[in-house]
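Text of protein.cif (mmCIF, C-alpha atoms) as supplied:
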```
data_data
loop_
_atom_site.group_PDB
_atom_site.id
_atom_site.type_symbol
_atom_site.label_atom_id
_atom_site.label_comp_id
_atom_site.auth_asym_id
_atom_site.auth_seq_id
_atom_site.Cartn_x
_atom_site.Cartn_y
_atom_site.Cartn_z
ATOM 1 C CA MET A 541 120.163 105.702 90.007
ATOM 2 C CA ASN A 542 119.135 102.508 91.635
ATOM 3 C CA ILE A 543 117.038 103.049 94.740
ATOM 4 C CA VAL A 544 116.527 100.000 96.905
ATOM 5 C CA VAL A 545 113.106 99.952 98.465
ATOM 6 C CA ARG A 546 112.611 97.498 101.287
ATOM 7 C CA PRO A 547 109.475 97.107 103.309
ATOM 8 C CA HIS A 548 109.848 97.071 107.046
ATOM 9 C CA GLY A 549 106.716 95.323 108.119
ATOM 10 C CA LEU A 550 104.503 97.237 105.779
ATOM 11 C CA THR A 551 106.238 100.594 106.129
ATOM 12 C CA TRP A 552 108.802 100.955 103.400
ATOM 13 C CA VAL A 553 112.347 101.849 104.332
ATOM 14 C CA ALA A 554 114.278 103.064 101.319
ATOM 15 C CA GLY A 555 117.966 103.601 100.795
ATOM 16 C CA HIS A 556 117.290 107.158 99.684
ATOM 17 C CA ASP A 557 115.840 109.697 102.082
ATOM 18 C CA HIS A 558 113.596 111.538 99.672
ATOM 19 C CA ASP A 559 112.146 108.326 98.313
ATOM 20 C CA HIS A 560 111.620 107.032 101.818
ATOM 21 C CA ASP A 561 109.610 110.145 102.678
ATOM 22 C CA ARG A 562 107.453 109.803 99.604
ATOM 23 C CA ILE A 563 106.586 106.152 100.185
ATOM 24 C CA ALA A 564 106.056 106.662 103.920
ATOM 25 C CA THR A 565 103.709 109.565 103.073
ATOM 26 C CA THR A 566 101.631 107.535 100.608
ATOM 27 C CA LEU A 567 101.299 104.756 103.192
ATOM 28 C CA SER A 568 100.291 107.230 105.923
ATOM 29 C CA GLY A 569 97.734 108.689 103.548
ATOM 30 C CA PHE A 570 96.347 105.247 102.952
ATOM 31 C CA TRP A 571 96.102 104.681 106.694
ATOM 32 C CA LEU A 572 94.035 107.883 106.939
ATOM 33 C CA PHE A 573 91.694 106.606 104.224
ATOM 34 C CA MET A 574 91.319 103.244 105.982
ATOM 35 C CA MET A 575 90.524 104.837 109.318
ATOM 36 C CA SER A 576 87.843 107.051 107.752
ATOM 37 C CA ASP A 577 86.481 103.895 106.137
ATOM 38 C CA LEU A 578 86.527 102.278 109.586
ATOM 39 C CA ILE A 579 84.255 105.058 110.866
ATOM 40 C CA ILE A 580 81.773 104.425 108.032
ATOM 41 C CA PHE A 581 81.736 100.730 108.887
ATOM 42 C CA GLY A 582 81.422 101.548 112.601
ATOM 43 C CA LEU A 583 78.282 103.585 111.969
ATOM 44 C CA MET A 584 76.813 100.873 109.729
ATOM 45 C CA PHE A 585 77.423 98.400 112.568
ATOM 46 C CA ALA A 586 75.700 100.745 115.032
ATOM 47 C CA THR A 587 72.716 101.128 112.677
ATOM 48 C CA TYR A 588 72.538 97.356 112.305
ATOM 49 C CA VAL A 589 72.552 96.793 116.079
ATOM 50 C CA THR A 590 69.711 99.287 116.606
ATOM 51 C CA MET A 591 67.720 97.331 113.999
ATOM 52 C CA LEU A 592 67.788 94.102 115.993
ATOM 53 C CA THR A 593 64.628 94.846 117.974
ATOM 54 C CA PRO A 594 61.420 92.854 117.296
ATOM 55 C CA GLU A 595 59.696 96.002 115.919
ATOM 56 C CA SER A 596 62.486 96.389 113.348
ATOM 57 C CA PHE A 597 61.865 92.871 112.016
ATOM 58 C CA ALA A 598 58.365 94.189 111.106
ATOM 59 C CA GLY A 599 56.947 90.666 111.034
ATOM 60 C CA GLY A 600 59.548 89.720 108.420
ATOM 61 C CA PRO A 601 62.334 87.160 108.710
ATOM 62 C CA THR A 602 64.538 87.311 111.822
ATOM 63 C CA PRO A 603 68.332 86.790 111.839
ATOM 64 C CA LYS A 604 67.849 83.299 113.296
ATOM 65 C CA GLU A 605 65.605 82.294 110.393
ATOM 66 C CA LEU A 606 67.790 83.890 107.714
ATOM 67 C CA PHE A 607 71.397 83.123 108.528
ATOM 68 C CA GLU A 608 73.046 79.742 108.419
ATOM 69 C CA LEU A 609 76.293 78.834 110.121
ATOM 70 C CA PRO A 610 77.997 76.712 107.376
ATOM 71 C CA GLY A 611 77.746 79.520 104.800
ATOM 72 C CA ALA A 612 79.207 82.092 107.179
ATOM 73 C CA ALA A 613 81.958 79.632 108.189
ATOM 74 C CA MET A 614 82.981 79.026 104.552
ATOM 75 C CA GLU A 615 83.025 82.765 103.789
ATOM 76 C CA THR A 616 85.145 83.363 106.896
ATOM 77 C CA ALA A 617 87.562 80.562 105.985
ATOM 78 C CA ALA A 618 88.028 81.909 102.435
ATOM 79 C CA LEU A 619 88.707 85.462 103.614
ATOM 80 C CA LEU A 620 90.979 84.539 106.525
ATOM 81 C CA THR A 621 93.084 82.224 104.332
ATOM 82 C CA SER A 622 93.315 84.940 101.673
ATOM 83 C CA THR A 623 94.724 87.362 104.244
ATOM 84 C CA PHE A 624 97.443 84.803 105.067
ATOM 85 C CA THR A 625 98.266 84.171 101.394
ATOM 86 C CA PHE A 626 98.545 87.937 100.846
ATOM 87 C CA GLY A 627 101.000 87.973 103.754
ATOM 88 C CA MET A 628 103.032 85.349 101.898
ATOM 89 C CA ALA A 629 103.062 87.588 98.802
ATOM 90 C CA SER A 630 104.268 90.538 100.932
ATOM 91 C CA LEU A 631 107.057 88.361 102.358
ATOM 92 C CA ALA A 632 108.052 87.198 98.869
ATOM 93 C CA ILE A 633 108.448 90.872 97.878
ATOM 94 C CA LYS A 634 110.283 91.847 101.060
ATOM 95 C CA TYR A 635 112.817 89.003 100.760
ATOM 96 C CA ASP A 636 113.211 89.031 96.949
ATOM 97 C CA ARG A 637 111.833 85.543 96.431
ATOM 98 C CA GLY A 638 111.219 86.260 92.771
ATOM 99 C CA LEU A 639 108.405 87.662 90.657
ATOM 100 C CA SER A 640 106.775 84.300 89.918
ATOM 101 C CA LYS A 641 106.387 83.548 93.632
ATOM 102 C CA VAL A 642 104.843 86.972 94.296
ATOM 103 C CA MET A 643 102.421 86.525 91.407
ATOM 104 C CA LEU A 644 101.531 82.999 92.488
ATOM 105 C CA TRP A 645 100.598 84.093 96.039
ATOM 106 C CA LEU A 646 98.645 87.071 94.669
ATOM 107 C CA LEU A 647 96.796 84.711 92.302
ATOM 108 C CA VAL A 648 95.888 82.408 95.208
ATOM 109 C CA THR A 649 94.661 85.481 97.136
ATOM 110 C CA LEU A 650 92.636 86.584 94.121
ATOM 111 C CA ALA A 651 91.073 83.113 93.771
ATOM 112 C CA LEU A 652 90.083 83.075 97.468
ATOM 113 C CA GLY A 653 88.641 86.586 97.137
ATOM 114 C CA VAL A 654 86.525 85.429 94.183
ATOM 115 C CA VAL A 655 85.388 82.352 96.159
ATOM 116 C CA PHE A 656 84.325 84.657 99.004
ATOM 117 C CA LEU A 657 82.363 86.898 96.628
ATOM 118 C CA ALA A 658 80.705 83.887 94.966
ATOM 119 C CA LEU A 659 79.614 82.507 98.354
ATOM 120 C CA GLU A 660 78.266 85.908 99.356
ATOM 121 C CA ALA A 661 76.438 86.357 96.049
ATOM 122 C CA ARG A 662 74.865 82.907 96.511
ATOM 123 C CA GLU A 663 73.733 83.865 100.011
ATOM 124 C CA PHE A 664 72.195 87.173 98.850
ATOM 125 C CA THR A 665 70.426 85.490 95.920
ATOM 126 C CA TYR A 666 68.957 82.941 98.313
ATOM 127 C CA MET A 667 67.819 85.686 100.704
ATOM 128 C CA LEU A 668 66.243 87.772 97.942
ATOM 129 C CA ALA A 669 64.441 84.706 96.572
ATOM 130 C CA GLU A 670 63.023 84.066 100.066
ATOM 131 C CA GLY A 671 61.528 87.568 100.033
ATOM 132 C CA ALA A 672 64.177 88.919 102.428
ATOM 133 C CA VAL A 673 64.641 92.098 100.380
ATOM 134 C CA PRO A 674 66.074 95.366 101.781
ATOM 135 C CA GLN A 675 62.677 97.112 101.772
ATOM 136 C CA ARG A 676 61.040 94.295 103.785
ATOM 137 C CA SER A 677 62.088 95.606 107.220
ATOM 138 C CA GLY A 678 64.438 98.013 108.999
ATOM 139 C CA PHE A 679 66.576 95.065 110.001
ATOM 140 C CA LEU A 680 66.995 93.936 106.387
ATOM 141 C CA SER A 681 67.725 97.488 105.213
ATOM 142 C CA ALA A 682 70.520 97.680 107.785
ATOM 143 C CA PHE A 683 71.799 94.222 106.818
ATOM 144 C CA PHE A 684 71.927 95.137 103.124
ATOM 145 C CA GLY A 685 73.624 98.398 104.062
ATOM 146 C CA LEU A 686 76.389 96.741 106.052
ATOM 147 C CA VAL A 687 77.286 93.357 104.571
ATOM 148 C CA PRO A 688 77.212 94.259 100.840
ATOM 149 C CA LEU A 689 79.218 97.408 101.695
ATOM 150 C CA HIS A 690 81.986 95.059 102.819
ATOM 151 C CA GLY A 691 81.373 92.900 99.725
ATOM 152 C CA THR A 692 81.763 96.001 97.530
ATOM 153 C CA HIS A 693 85.093 96.697 99.205
ATOM 154 C CA VAL A 694 86.220 93.126 98.532
ATOM 155 C CA THR A 695 85.126 93.544 94.893
ATOM 156 C CA ALA A 696 87.257 96.699 94.680
ATOM 157 C CA GLY A 697 90.161 94.758 96.217
ATOM 158 C CA VAL A 698 89.711 91.962 93.672
ATOM 159 C CA ILE A 699 89.742 94.455 90.781
ATOM 160 C CA TRP A 700 92.830 96.107 92.285
ATOM 161 C CA LEU A 701 94.506 92.677 92.539
ATOM 162 C CA VAL A 702 93.770 91.946 88.869
ATOM 163 C CA ILE A 703 95.247 95.319 87.887
ATOM 164 C CA MET A 704 98.360 94.665 89.999
ATOM 165 C CA LEU A 705 98.813 91.221 88.420
ATOM 166 C CA ILE A 706 98.621 92.797 84.955
ATOM 167 C CA GLU A 707 101.133 95.465 86.007
ATOM 168 C CA LEU A 708 103.513 92.875 87.480
ATOM 169 C CA ASN A 709 103.223 90.813 84.330
ATOM 170 C CA ARG A 710 104.064 93.809 82.145
ATOM 171 C CA THR A 711 106.698 95.706 84.122
ATOM 172 C CA GLY A 712 107.923 93.271 86.763
ATOM 173 C CA LEU A 713 108.449 94.148 90.399
ATOM 174 C CA THR A 714 109.294 97.868 90.136
ATOM 175 C CA GLY A 715 109.415 100.283 93.095
ATOM 176 C CA PRO A 716 105.995 101.826 92.343
ATOM 177 C CA ALA A 717 104.458 98.364 91.851
ATOM 178 C CA SER A 718 105.739 97.166 95.242
ATOM 179 C CA SER A 719 104.491 100.363 96.857
ATOM 180 C CA ARG A 720 101.013 99.823 95.360
ATOM 181 C CA ILE A 721 100.979 96.224 96.534
ATOM 182 C CA ALA A 722 101.923 97.391 100.055
ATOM 183 C CA ARG A 723 98.808 99.592 100.110
ATOM 184 C CA LEU A 724 96.653 96.830 98.648
ATOM 185 C CA ALA A 725 97.983 94.527 101.393
ATOM 186 C CA LEU A 726 96.866 97.016 104.054
ATOM 187 C CA PHE A 727 93.459 97.287 102.370
ATOM 188 C CA TRP A 728 93.057 93.510 102.136
ATOM 189 C CA HIS A 729 94.058 92.851 105.774
ATOM 190 C CA PHE A 730 91.750 95.692 106.840
ATOM 191 C CA LEU A 731 88.799 94.075 105.032
ATOM 192 C CA ASP A 732 89.422 90.825 106.888
ATOM 193 C CA LEU A 733 89.436 92.796 110.136
ATOM 194 C CA ILE A 734 86.023 94.273 109.255
ATOM 195 C CA TRP A 735 84.802 90.761 108.437
ATOM 196 C CA VAL A 736 85.692 89.657 111.989
ATOM 197 C CA GLY A 737 83.145 92.260 113.136
ATOM 198 C CA ILE A 738 80.572 91.083 110.582
ATOM 199 C CA PHE A 739 80.747 87.377 111.368
ATOM 200 C CA SER A 740 80.731 88.119 115.120
ATOM 201 C CA VAL A 741 77.908 90.683 115.183
ATOM 202 C CA VAL A 742 75.735 89.678 112.217
ATOM 203 C CA TYR A 743 76.105 85.915 111.827
ATOM 204 C CA LEU A 744 77.189 84.500 115.210
ATOM 205 C CA GLY A 745 75.282 87.169 117.145
ATOM 206 C CA GLY A 746 72.213 86.565 114.976
ATOM 207 C CA ILE A 747 72.234 82.780 115.227
ATOM 208 C CA ALA A 748 73.256 82.481 118.911
ATOM 209 C CA MET B 1497 131.664 88.400 104.409
ATOM 210 C CA SER B 1498 128.357 87.769 102.735
ATOM 211 C CA ALA B 1499 127.606 84.449 104.430
ATOM 212 C CA PRO B 1500 126.574 85.792 107.870
ATOM 213 C CA LYS B 1501 124.576 88.542 106.186
ATOM 214 C CA THR B 1502 122.610 85.974 104.168
ATOM 215 C CA ARG B 1503 121.995 83.932 107.248
ATOM 216 C CA SER B 1504 120.649 86.874 109.235
ATOM 217 C CA ARG B 1505 118.430 87.716 106.276
ATOM 218 C CA GLU B 1506 117.243 84.117 106.267
ATOM 219 C CA GLN B 1507 116.605 84.396 110.003
ATOM 220 C CA ALA B 1508 114.667 87.617 109.465
ATOM 221 C CA TYR B 1509 112.590 85.831 106.818
ATOM 222 C CA ARG B 1510 111.839 82.950 109.188
ATOM 223 C CA HIS B 1511 110.943 85.431 111.931
ATOM 224 C CA ASP B 1512 108.493 87.279 109.655
ATOM 225 C CA LEU B 1513 107.067 84.017 108.331
ATOM 226 C CA ARG B 1514 106.477 82.800 111.885
ATOM 227 C CA GLY B 1515 104.658 86.093 112.569
ATOM 228 C CA TYR B 1516 102.153 85.458 109.766
ATOM 229 C CA GLN B 1517 101.794 81.799 110.780
ATOM 230 C CA THR B 1518 101.172 82.728 114.419
ATOM 231 C CA GLY B 1519 98.614 85.323 113.326
ATOM 232 C CA PHE B 1520 96.844 82.847 111.058
ATOM 233 C CA PHE B 1521 96.801 80.147 113.732
ATOM 234 C CA LEU B 1522 95.472 82.492 116.443
ATOM 235 C CA ALA B 1523 92.868 84.005 114.116
ATOM 236 C CA ALA B 1524 91.683 80.542 113.039
ATOM 237 C CA LEU B 1525 91.456 79.435 116.675
ATOM 238 C CA LEU B 1526 89.578 82.604 117.687
ATOM 239 C CA THR B 1527 87.159 81.972 114.796
ATOM 240 C CA ILE B 1528 86.603 78.256 115.356
ATOM 241 C CA ILE B 1529 85.828 78.591 119.106
ATOM 242 C CA PRO B 1530 82.835 80.968 118.748
ATOM 243 C CA PHE B 1531 81.514 79.097 115.663
ATOM 244 C CA ALA B 1532 81.708 75.809 117.598
ATOM 245 C CA LEU B 1533 79.999 77.381 120.617
ATOM 246 C CA VAL B 1534 77.135 78.707 118.491
ATOM 247 C CA ALA B 1535 76.819 75.398 116.589
ATOM 248 C CA SER B 1536 76.743 73.287 119.764
ATOM 249 C CA GLY B 1537 74.654 75.703 121.838
ATOM 250 C CA THR B 1538 76.456 74.656 125.020
ATOM 251 C CA PHE B 1539 76.044 77.975 126.854
ATOM 252 C CA SER B 1540 73.061 80.243 127.292
ATOM 253 C CA THR B 1541 72.511 82.909 124.610
ATOM 254 C CA ILE B 1542 73.835 85.731 126.823
ATOM 255 C CA ALA B 1543 76.997 83.806 127.772
ATOM 256 C CA THR B 1544 77.602 82.868 124.110
ATOM 257 C CA LEU B 1545 77.182 86.512 123.038
ATOM 258 C CA TRP B 1546 79.771 87.589 125.621
ATOM 259 C CA VAL B 1547 82.246 84.972 124.418
ATOM 260 C CA ILE B 1548 81.679 86.013 120.769
ATOM 261 C CA GLY B 1549 82.228 89.677 121.677
ATOM 262 C CA VAL B 1550 85.387 89.153 123.705
ATOM 263 C CA LEU B 1551 86.983 86.691 121.245
ATOM 264 C CA GLY B 1552 86.058 89.031 118.357
ATOM 265 C CA LEU B 1553 87.877 91.921 120.043
ATOM 266 C CA VAL B 1554 90.890 89.690 120.765
ATOM 267 C CA GLN B 1555 90.929 88.578 117.131
ATOM 268 C CA ILE B 1556 90.910 92.213 115.968
ATOM 269 C CA VAL B 1557 94.002 92.832 118.118
ATOM 270 C CA VAL B 1558 95.623 89.707 116.596
ATOM 271 C CA HIS B 1559 94.923 91.016 113.063
ATOM 272 C CA VAL B 1560 96.333 94.455 113.890
ATOM 273 C CA ARG B 1561 99.464 92.960 115.472
ATOM 274 C CA TYR B 1562 100.313 90.164 113.014
ATOM 275 C CA PHE B 1563 98.811 91.276 109.671
ATOM 276 C CA LEU B 1564 98.760 95.088 109.826
ATOM 277 C CA HIS B 1565 102.043 95.009 111.823
ATOM 278 C CA VAL B 1566 101.000 97.725 114.234
ATOM 279 C CA ASP B 1567 102.431 97.071 117.685
ATOM 280 C CA LEU B 1568 103.691 99.108 120.631
ATOM 281 C CA SER B 1569 107.125 99.753 119.054
ATOM 282 C CA ARG B 1570 108.336 103.291 118.436
ATOM 283 C CA GLN B 1571 108.376 102.965 114.614
ATOM 284 C CA ARG B 1572 104.661 102.165 114.530
ATOM 285 C CA ARG B 1573 103.635 104.846 117.020
ATOM 286 C CA GLU B 1574 101.966 107.062 114.371
ATOM 287 C CA GLU B 1575 99.748 104.276 113.053
ATOM 288 C CA LEU B 1576 98.950 103.188 116.608
ATOM 289 C CA TYR B 1577 97.850 106.710 117.627
ATOM 290 C CA LEU B 1578 95.846 107.090 114.420
ATOM 291 C CA MET B 1579 94.133 103.769 115.085
ATOM 292 C CA LEU B 1580 93.410 104.504 118.745
ATOM 293 C CA PHE B 1581 92.078 107.947 117.836
ATOM 294 C CA SER B 1582 89.795 106.442 115.164
ATOM 295 C CA ALA B 1583 88.681 103.762 117.600
ATOM 296 C CA ALA B 1584 87.871 106.487 120.139
ATOM 297 C CA LEU B 1585 85.844 108.396 117.502
ATOM 298 C CA VAL B 1586 83.963 105.244 116.491
ATOM 299 C CA THR B 1587 83.250 104.388 120.125
ATOM 300 C CA LEU B 1588 81.925 107.901 120.840
ATOM 301 C CA MET B 1589 79.720 107.895 117.752
ATOM 302 C CA ILE B 1590 78.378 104.376 118.291
ATOM 303 C CA ALA B 1591 77.814 104.830 122.031
ATOM 304 C CA GLY B 1592 76.166 108.217 121.482
ATOM 305 C CA MET B 1593 73.977 106.885 118.697
ATOM 306 C CA LEU B 1594 72.855 103.829 120.685
ATOM 307 C CA TRP B 1595 72.188 105.930 123.774
ATOM 308 C CA MET B 1596 70.125 108.453 121.841
ATOM 309 C CA LEU B 1597 68.156 105.913 119.808
ATOM 310 C CA PHE B 1598 67.321 103.611 122.707
ATOM 311 C CA ASN B 1599 66.328 106.666 124.725
ATOM 312 C CA GLN B 1600 63.968 107.706 121.919
ATOM 313 C CA HIS B 1601 62.712 104.145 121.739
ATOM 314 C CA THR B 1602 61.724 104.032 125.423
ATOM 315 C CA ARG B 1603 60.007 107.442 125.054
ATOM 316 C CA MET B 1604 57.969 106.092 122.141
ATOM 317 C CA MET B 1605 56.704 103.125 124.185
#
```
As structure tokens, the full file:
Amino acid sequence: MNIVVRPHGLTWVAGHDHDHDRIATTLSGFWLFMMSDLIIFGLMFATYVTMLTPESFAGGPTPKELFELPGAAMETAALLTSTFTFGMASLAIKYDRGLSKVMLWLLVTLALGVVFLALEAREFTYMLAEGAVPQRSGFLSAFFGLVPLHGTHVTAGVIWLVIMLIELNRTGLTGPASSRIARLALFWHFLDLIWVGIFSVVYLGGIA
Amino acid sequence: MSAPKTRSREQAYRHDLRGYQTGFFLAALLTIIPFALVASGTFSTIATLWVIGVLGLVQIVVHVRYFLHVDLSRQRREELYLMLFSAALVTLMIAGMLWMLFNQHTRMM
């Protein structure tokens, strides 16, 4: 039996009722996970904001001294572009533009994700070398709780992307593979949304 | 028979593509403005912080609408309610936490 699975936006409308229910359920479940993740990030943001008082700097480096605009801008550019390229991969799946096109867009997304992680790793290495370690002050503890938490999520997304590329390479664009990519797309767009909060609150708010 | 169907499919593709392009353009714009403001230092710190906050919230709405495809349509009602409910929870927890901690802070002074 050949079941045609077509995404509508990111919700998947299938030709077969039972299948439709199953895919819609897995996507709803993923939404629940993302929203609980949102609450974790929300609380990390709140903790960070309470740690922006002079006492919380504990005589250590302040946001103004630590953060630099060009680095944050490059990280933002990499992540925002990667969200767009993932959108192109989703469209290539939705409109049957062929496996090679899907894989190409996912590869571009993967590359941009790796660029983002490399930039972030460079920034953290620089901070740690300057003595801006998590145990230096409450502010730095909160910073290293929030920003690397997002970085860890991106790392998980990158690993997930690699696994999906291997799966696509081995089995082609099957129903389950497309369904997994739909969830990964949600995850990836969600991480960019969290990054909007991070560059606004942490970097721009810190430097302004 | 199949020609008009292909064309409407092509139109649907263009429509979806334009959605992602609009989202990308708006998000880029909403990112560049606050970065430029902070880099140039045109406004006072308080005014800049307000602009960053408002544009950040607008950009989040842009991401939800154009990338996560959650809008006010009936098909996306479940995700919308889930999102609004989570946003309400986050707001309550953050507001409550800030209120309590800053209250404690003033008592410590």
Report the closest atom pair, with its distance in Å rounded to one decimal, for each residue of chain B that has an atom no farther than 8 Å from chain A; count all atoms listed in the file, sort by chain and then rising residue number, and write it as JSON lines.
```
{"residue": "B:Arg1505", "atom": "CA", "partner": "A:Tyr635", "partner_atom": "CA", "distance": 8.0}
{"residue": "B:Tyr1509", "atom": "CA", "partner": "A:Tyr635", "partner_atom": "CA", "distance": 6.8}
{"residue": "B:Asp1512", "atom": "CA", "partner": "A:Leu631", "partner_atom": "CA", "distance": 7.5}
{"residue": "B:Leu1513", "atom": "CA", "partner": "A:Leu631", "partner_atom": "CA", "distance": 7.4}
{"residue": "B:Tyr1516", "atom": "CA", "partner": "A:Gly627", "partner_atom": "CA", "distance": 6.6}
{"residue": "B:Gln1517", "atom": "CA", "partner": "A:Phe624", "partner_atom": "CA", "distance": 7.8}
{"residue": "B:Phe1520", "atom": "CA", "partner": "A:Phe624", "partner_atom": "CA", "distance": 6.3}
{"residue": "B:Ala1523", "atom": "CA", "partner": "A:Leu620", "partner_atom": "CA", "distance": 7.8}
{"residue": "B:Ala1524", "atom": "CA", "partner": "A:Leu620", "partner_atom": "CA", "distance": 7.7}
{"residue": "B:Pro1530", "atom": "CA", "partner": "A:Leu744", "partner_atom": "CA", "distance": 7.5}
{"residue": "B:Phe1531", "atom": "CA", "partner": "A:Leu744", "partner_atom": "CA", "distance": 6.9}
{"residue": "B:Val1534", "atom": "CA", "partner": "A:Ala748", "partner_atom": "CA", "distance": 5.4}
{"residue": "B:Ala1535", "atom": "CA", "partner": "A:Leu609", "partner_atom": "CA", "distance": 7.3}
{"residue": "B:Gly1537", "atom": "CA", "partner": "A:Ala748", "partner_atom": "CA", "distance": 7.5}
{"residue": "B:Thr1541", "atom": "CA", "partner": "A:Ala748", "partner_atom": "CA", "distance": 5.8}
{"residue": "B:Thr1544", "atom": "CA", "partner": "A:Ala748", "partner_atom": "CA", "distance": 6.8}
{"residue": "B:Leu1545", "atom": "CA", "partner": "A:Gly745", "partner_atom": "CA", "distance": 6.2}
{"residue": "B:Ile1548", "atom": "CA", "partner": "A:Ser740", "partner_atom": "CA", "distance": 6.1}
{"residue": "B:Gly1549", "atom": "CA", "partner": "A:Ser740", "partner_atom": "CA", "distance": 6.9}
{"residue": "B:Gly1552", "atom": "CA", "partner": "A:Ser740", "partner_atom": "CA", "distance": 6.3}
{"residue": "B:Gln1555", "atom": "CA", "partner": "A:Val736", "partner_atom": "CA", "distance": 7.4}
{"residue": "B:Ile1556", "atom": "CA", "partner": "A:Leu733", "partner_atom": "CA", "distance": 6.0}
{"residue": "B:His1559", "atom": "CA", "partner": "A:Leu733", "partner_atom": "CA", "distance": 6.5}
{"residue": "B:Phe1563", "atom": "CA", "partner": "A:His729", "partner_atom": "CA", "distance": 6.3}
{"residue": "B:Leu1564", "atom": "CA", "partner": "A:Leu726", "partner_atom": "CA", "distance": 6.4}
{"residue": "B:His1565", "atom": "CA", "partner": "A:Gly549", "partner_atom": "CA", "distance": 6.0}
{"residue": "B:Glu1575", "atom": "CA", "partner": "A:Trp571", "partner_atom": "CA", "distance": 7.3}
{"residue": "B:Leu1578", "atom": "CA", "partner": "A:Met575", "partner_atom": "CA", "distance": 7.7}
{"residue": "B:Met1579", "atom": "CA", "partner": "A:Met575", "partner_atom": "CA", "distance": 6.9}
{"residue": "B:Ser1582", "atom": "CA", "partner": "A:Met575", "partner_atom": "CA", "distance": 6.1}
{"residue": "B:Leu1585", "atom": "CA", "partner": "A:Ile579", "partner_atom": "CA", "distance": 7.6}
{"residue": "B:Val1586", "atom": "CA", "partner": "A:Ile579", "partner_atom": "CA", "distance": 5.6}
{"residue": "B:Met1589", "atom": "CA", "partner": "A:Leu583", "partner_atom": "CA", "distance": 7.4}
{"residue": "B:Ile1590", "atom": "CA", "partner": "A:Ala586", "partner_atom": "CA", "distance": 5.6}
{"residue": "B:Met1593", "atom": "CA", "partner": "A:Ala586", "partner_atom": "CA", "distance": 7.4}
{"residue": "B:Leu1594", "atom": "CA", "partner": "A:Thr590", "partner_atom": "CA", "distance": 6.9}
{"residue": "B:Leu1597", "atom": "CA", "partner": "A:Thr590", "partner_atom": "CA", "distance": 7.5}
{"residue": "B:Phe1598", "atom": "CA", "partner": "A:Thr590", "partner_atom": "CA", "distance": 7.9}
```
Quiz prompt | Answer key for the PyMOL selection byres ((chain A and resi 591-595) around 10), residues as a PyMOL selection string | solution = chain A and resi 585-590+596-600+602-603+677-683+742+746
Which polymer residues have any atom within 8 Å of an atom of Val702 of chain A, counting all atoms listed in the file, with same-chain residues fewer than 4 positions away left out, as a PDB file with C-alpha atoms, in the coordinates of the input?
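Written out: around.pdb:
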```
ATOM      1  CA  LEU A 650      92.636  86.584  94.121  1.00  0.00           C
ATOM      2  CA  VAL A 698      89.711  91.962  93.672  1.00  0.00           C
ATOM      3  CA  ILE A 706      98.621  92.797  84.955  1.00  0.00           C
TER       4      ILE A 706
END
```
Quiz item: Separation of atom CA of Thr565 of chain A and atom CA of Leu731 of chain A, in Å?
Solution: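 Straight-line distance from atom CA of Thr565 of chain A to atom CA of Leu731 of chain A works out to 21.6 Å.
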Quiz item: At what distance in Å, to one decimal, does atom CA of Leu647 of chain A lie from atom CA of Leu708 of chain A?
Solution: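 Answer for the atom CA of Leu708 of chain A to atom CA of Leu647 of chain A separation: 11.6 Å.
Reported to one decimal place, the separation of atom CA of Phe607 of chain A from atom CA of Phe1539 of chain B is 19.6 Å.
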Quiz prompt | Evaluate the PyMOL selection byres ((chain A and resi 654) around 12) and report residues as a ChimeraX atom specification | solution = /A:615,618-619,622,647-653,655-661,691,694-699,701-702
Using all atoms of segment 567-575 of chain A listed in the file and a margin of 4 Å per side, can you give the axis-aligned box centre and edge lengths in Å to one decimal, as AutoDock Vina command-line options?
```
--center_x 95.9 --center_y 106.0 --center_z 106.1 --size_x 18.8 --size_y 13.4 --size_z 14.4
```
